[in-house]
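Quick notes on the structure that follows.
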2 protein chains.
Amino acid sequence: MNPIRVGIFGYGNLGRGVDIAIQANDDMELVAVFTRRHPSDVTIEGSAPVVSASELEQWTDKIDVLVLAGGSATDLPTQTPAAASLFNVVDSFDTHAAIPEHFDAVDQTAQASNHVAIISGGWDPGMFSLARLYATSILPTGQDYTFWGRGVSQGHSDAIRRIEGVADARQYTVPVPEALDAVRAGENPTLSTRQKHRRECYVVAEEGADKAAIEQAIVTMPNYFADYDTTVTFIDAEEMAAHHQGLPHGGSVLRSGTTGSNQEHKHTVEFSLTLDSNPEFTGSVLAALARACARLAEQQAWGCKTVFDIPPAYWSPLDGATLRATML
Amino acid sequence: MNPIRVGIFGYGNLGRGVDIAIQANDDMELVAVFTRRHPSDVTIEGSAPVVSASELEQWTDKIDVLVLAGGSATDLPTQTPAAASLFNVVDSFDTHAAIPEHFDAVDQTAQASNHVAIISGGWDPGMFSLARLYATSILPTGQDYTFWGRGVSQGHSDAIRRIEGVADARQYTVPVPEALDAVRAGENPTLSTRQKHRRECYVVAEEGADKAAIEQAIVTMPNYFADYDTTVTFIDAEEMAAHHQGLPHGGSVLRSGTTGSNQEHKHTVEFSLTLDSNPEFTGSVLAALARACARLAEQQAWGCKTVFDIPPAYWSPLDGATLRATML
């Protein structure tokens with residue numbers, strides 16, 4: 001069987017994660033990376049050509065699935081619908097509240113042009129969404145919890161960097177262990193924002209900056225930090241470089257439900273991730289979804305899909321008989 | 001929309017679990033329970049008629065999905081293929097090694113008669129299988145682990161009860177905490193049978209029985225106990241009745257994998273269940289699969305299916321737009 005020919009649009013941390021994942025899968029090959037930068041400025045992991053984004057339309061016959069590795073704030077809302085009129089596509093659109101609107105826009109161009117588009121792949125949305133759906137379908141009487149971390153929040157790190165006197169910053173989101181334990185024990189606690197997560201900030205201050213003012217600006221920042229127990233630790237640039245360059249993340253989705261004639265039996269379903277590299281794991285999910293996308297396209301199942309619509313077997317390179325014999 | 005009309009064939013612990021689950025789901029109704037016992041000897045949770053198994057064929061127009069709640073050793077290998085020639089069916093066939101053969105037998109009668117048959121629903125096989133498939137598809141470079149327990153193994157309990165001088169027994173399978181911790185920490189340990197699980201046995205001896213001989217017979221029993229660290233605790237019938245009547249179970253599926261240019265990033269994916277009642281949770285899975293079965297039948301997707309073939313959305317009573325808005 002010919003390998004699935006995959007293109008990557010955008011080559012930041014996530015694009016690189018997809019590139020690495022494609023190399024780990026024998027049934028797919030990277031045929032091109034598209035960039036809005038000057039192509040010679042982009043060095044990729046594999047050996048595929050790096051091409052200007054403006055040449056995208058010339059590749060429609062050479063690519064089975066295009067993975068869009070841009071950001072959800074400004075890139076994907078326009079890129080995915082546009083690309084879905086030319087290619088089968090996969091994206092990781094993760095602005096939860098805007099997913100219905102994004103789905104409709106992408107579905108329209110994908111349907112009109114006979115393409116398959118899988119949106120919102122990754123781990124949340126993505127694997128965490130699947131965990132919520134399966135657990136809720138099995139245990140209709142119950143309660144859901146999602147904890148994120150320990151992991152780097154890029155949005156919160158950026159928010160700190162915008163404060164006057166801050167040279168660099170890294171923010172870790174950390175689940176409160178007591179809250180997680182109570183949920184795991186089936187206690188069905190009602191948890192405030194503050195009771196679920198705390199925020200650890202590591203900050204490099206500019207020379208002569210007012211550290212007390214920086215700390216105060218962080219811990220009182222509405223939406224980002226004011227509702228959390230937030231710790232601020234000042235470190236120097238060397239320590240930042242030595243200990244805070246990774247992008248770990250993860251978290252847990254739990255459902256605590258009951259069954260029985262009198263709801264007397266408790267059940268806890270937990271799905272947890274511990275990830276050294278958020279973009280590489282997300283890229284690995286997108287690569288598996290590129291495979292599923294190619295399968296759906298073979299079946300002419302045109303239109304926009306999410307992880308909810310995809311038979312699990314389509315994620316795997318193995319055939320049905322092998323899966324039943326080895327994994328069921 | 002009319003509720004999905006469900007029948008249950010067999011009314012032991014699992015059949016009762018399915019009954020309870022159907023009552024928890026507004027979009028399905030129990031229309032009949034079929035039993036090989038005398039129907040008047042069977043008291044069910046709901047208010048459906050209890051009917052002799054011999055009358056099954058008269059119900060083909062009244063049932064959308066028949067859930068087979070018999071055992072994998074002797075019931076399901078013949079019941080499921082036979083029933084799939086009359087009904088859309090769901091079973092929980094759990095003899096892993098025999099799944100391919102069971103699949104083929106069921107597929108043949110389901111295809112020939114235009115029915116949908118979902119086999120091997122439950123949590124292992126079932127939810128654990130899904131966890132293995134998704135995690136392996138995302139992280140092709142890595143290693144899988146499955147831990148069972150803490151929970152009651154009926155097969156091991158029965159094996160103890162067959163020993164001379166044993167009046168009653170209950171066996172708990174318990175994961176070794178150090179092994180589980182090492183896997184969670186991404187250490188990719190190589191674990192022997194003994195290193196993964198231990199076995200706790202609670203035994204009521206008959207009056208005057210030789211307890212030392214019973215203990216020796218248990219801990220040296222091949223396949224069941226000899227390869228494990230096994231503890232035997234003698235208790236009286238009152239303590240058995242007071243503390244060991246439940247059927248708790250659960251366990252964890254973990255995949256520990258790596259990504260990166262040099263596989264330098266570790267990732268751990270974990271799916272865990274903690275269940276007060278094994279049959280009620282399994283019954284809840286089968287009820288959700290009965291819904292999926294009805295959906296597949298609407299689409300005339302005839303033949304045998306497993307959890308690997310079913311789009312996750314089909315497990316849920318909610319429509320696609322609602323799922324995307326609330327769970328993605």
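Here, A, B, ... name the chains of the structure tokens in the order displayed, residue numbers run from 1 inside each chain, and ligands are numbered from 1 in the same displayed order.
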
Counting only C-alpha atoms, give me one row per residue of chain B with an atom at most 6 Å from an atom of chain A, showing the shortest contact pair and its distance in Å to one decimal, sorted by chain then residue number, as a tab-separated table.
residue	atom	partner	partner_atom	distance
B:Pro125	CA	A:Leu328	CA	5.5
B:Ser129	CA	A:Leu328	CA	4.7
B:Ser137	CA	A:Ser316	CA	5.0
B:Ile138	CA	A:Val285	CA	5.3
B:His265	CA	A:Asp276	CA	5.3
B:Lys266	CA	A:Asp276	CA	5.4
B:His267	CA	A:Leu275	CA	4.5
B:Thr268	CA	A:Thr274	CA	5.1
B:Val269	CA	A:Leu273	CA	4.8
B:Glu270	CA	A:Ser272	CA	5.1
B:Phe271	CA	A:Phe271	CA	4.5
B:Ser272	CA	A:Glu270	CA	5.1
B:Leu273	CA	A:Val269	CA	4.8
B:Thr274	CA	A:Thr268	CA	5.1
B:Leu275	CA	A:His267	CA	4.5
B:Asp276	CA	A:His265	CA	5.3
B:Ser284	CA	A:Ile138	CA	5.4
B:Val285	CA	A:Ile138	CA	5.3
B:Ala288	CA	A:Ile138	CA	5.9
B:Phe308	CA	A:Pro312	CA	5.0
B:Asp309	CA	A:Pro311	CA	5.0
B:Ile310	CA	A:Pro311	CA	5.0
B:Pro311	CA	A:Pro311	CA	4.2
B:Pro312	CA	A:Phe308	CA	5.0
B:Ala313	CA	A:Phe308	CA	5.0
B:Trp315	CA	A:Ser137	CA	5.9
B:Ser316	CA	A:Ser137	CA	5.0
B:Met327	CA	A:Ser129	CA	5.7
B:Leu328	CA	A:Ser129	CA	4.7

Do you have the CA of Ala117 (chain A)-CA of Thr95 (chain A) distance handy?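 That distance, rounded to one decimal, is 17.0 Å.
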
Using backbone DSSP assignments, extract all strand (DSSP E) residues from region 89-247 of chain A; output them as a ChimeraX atom specification. /A:89-90,116-118,142-148,151-152,166-175,197-205,229-234

All residues 12 Å or closer to Thr220 (chain A), only C-alpha atoms, same chain fewer than 6 positions away omitted, as an MDAnalysis selection string: chainID A and resid 160 213:214 226:232

Would you save the residues of that selection, restricted to C-alpha atoms, as a compact mmCIF listing (two decimals), in the first residue's frame?
# COMPACT_ATOMS: atom_id res chain seq x y z
CA ILE A 160 3.23 37.74 32.55
CA ALA A 213 5.22 45.56 41.76
CA ILE A 214 5.61 42.69 39.25
CA ALA A 226 -6.77 36.68 40.60
CA ASP A 227 -9.04 33.66 41.14
CA TYR A 228 -6.15 31.28 41.91
CA ASP A 229 -3.56 30.73 44.58
CA THR A 230 -0.58 32.01 42.64
CA THR A 231 3.08 31.82 43.60
CA VAL A 232 5.73 34.01 41.98
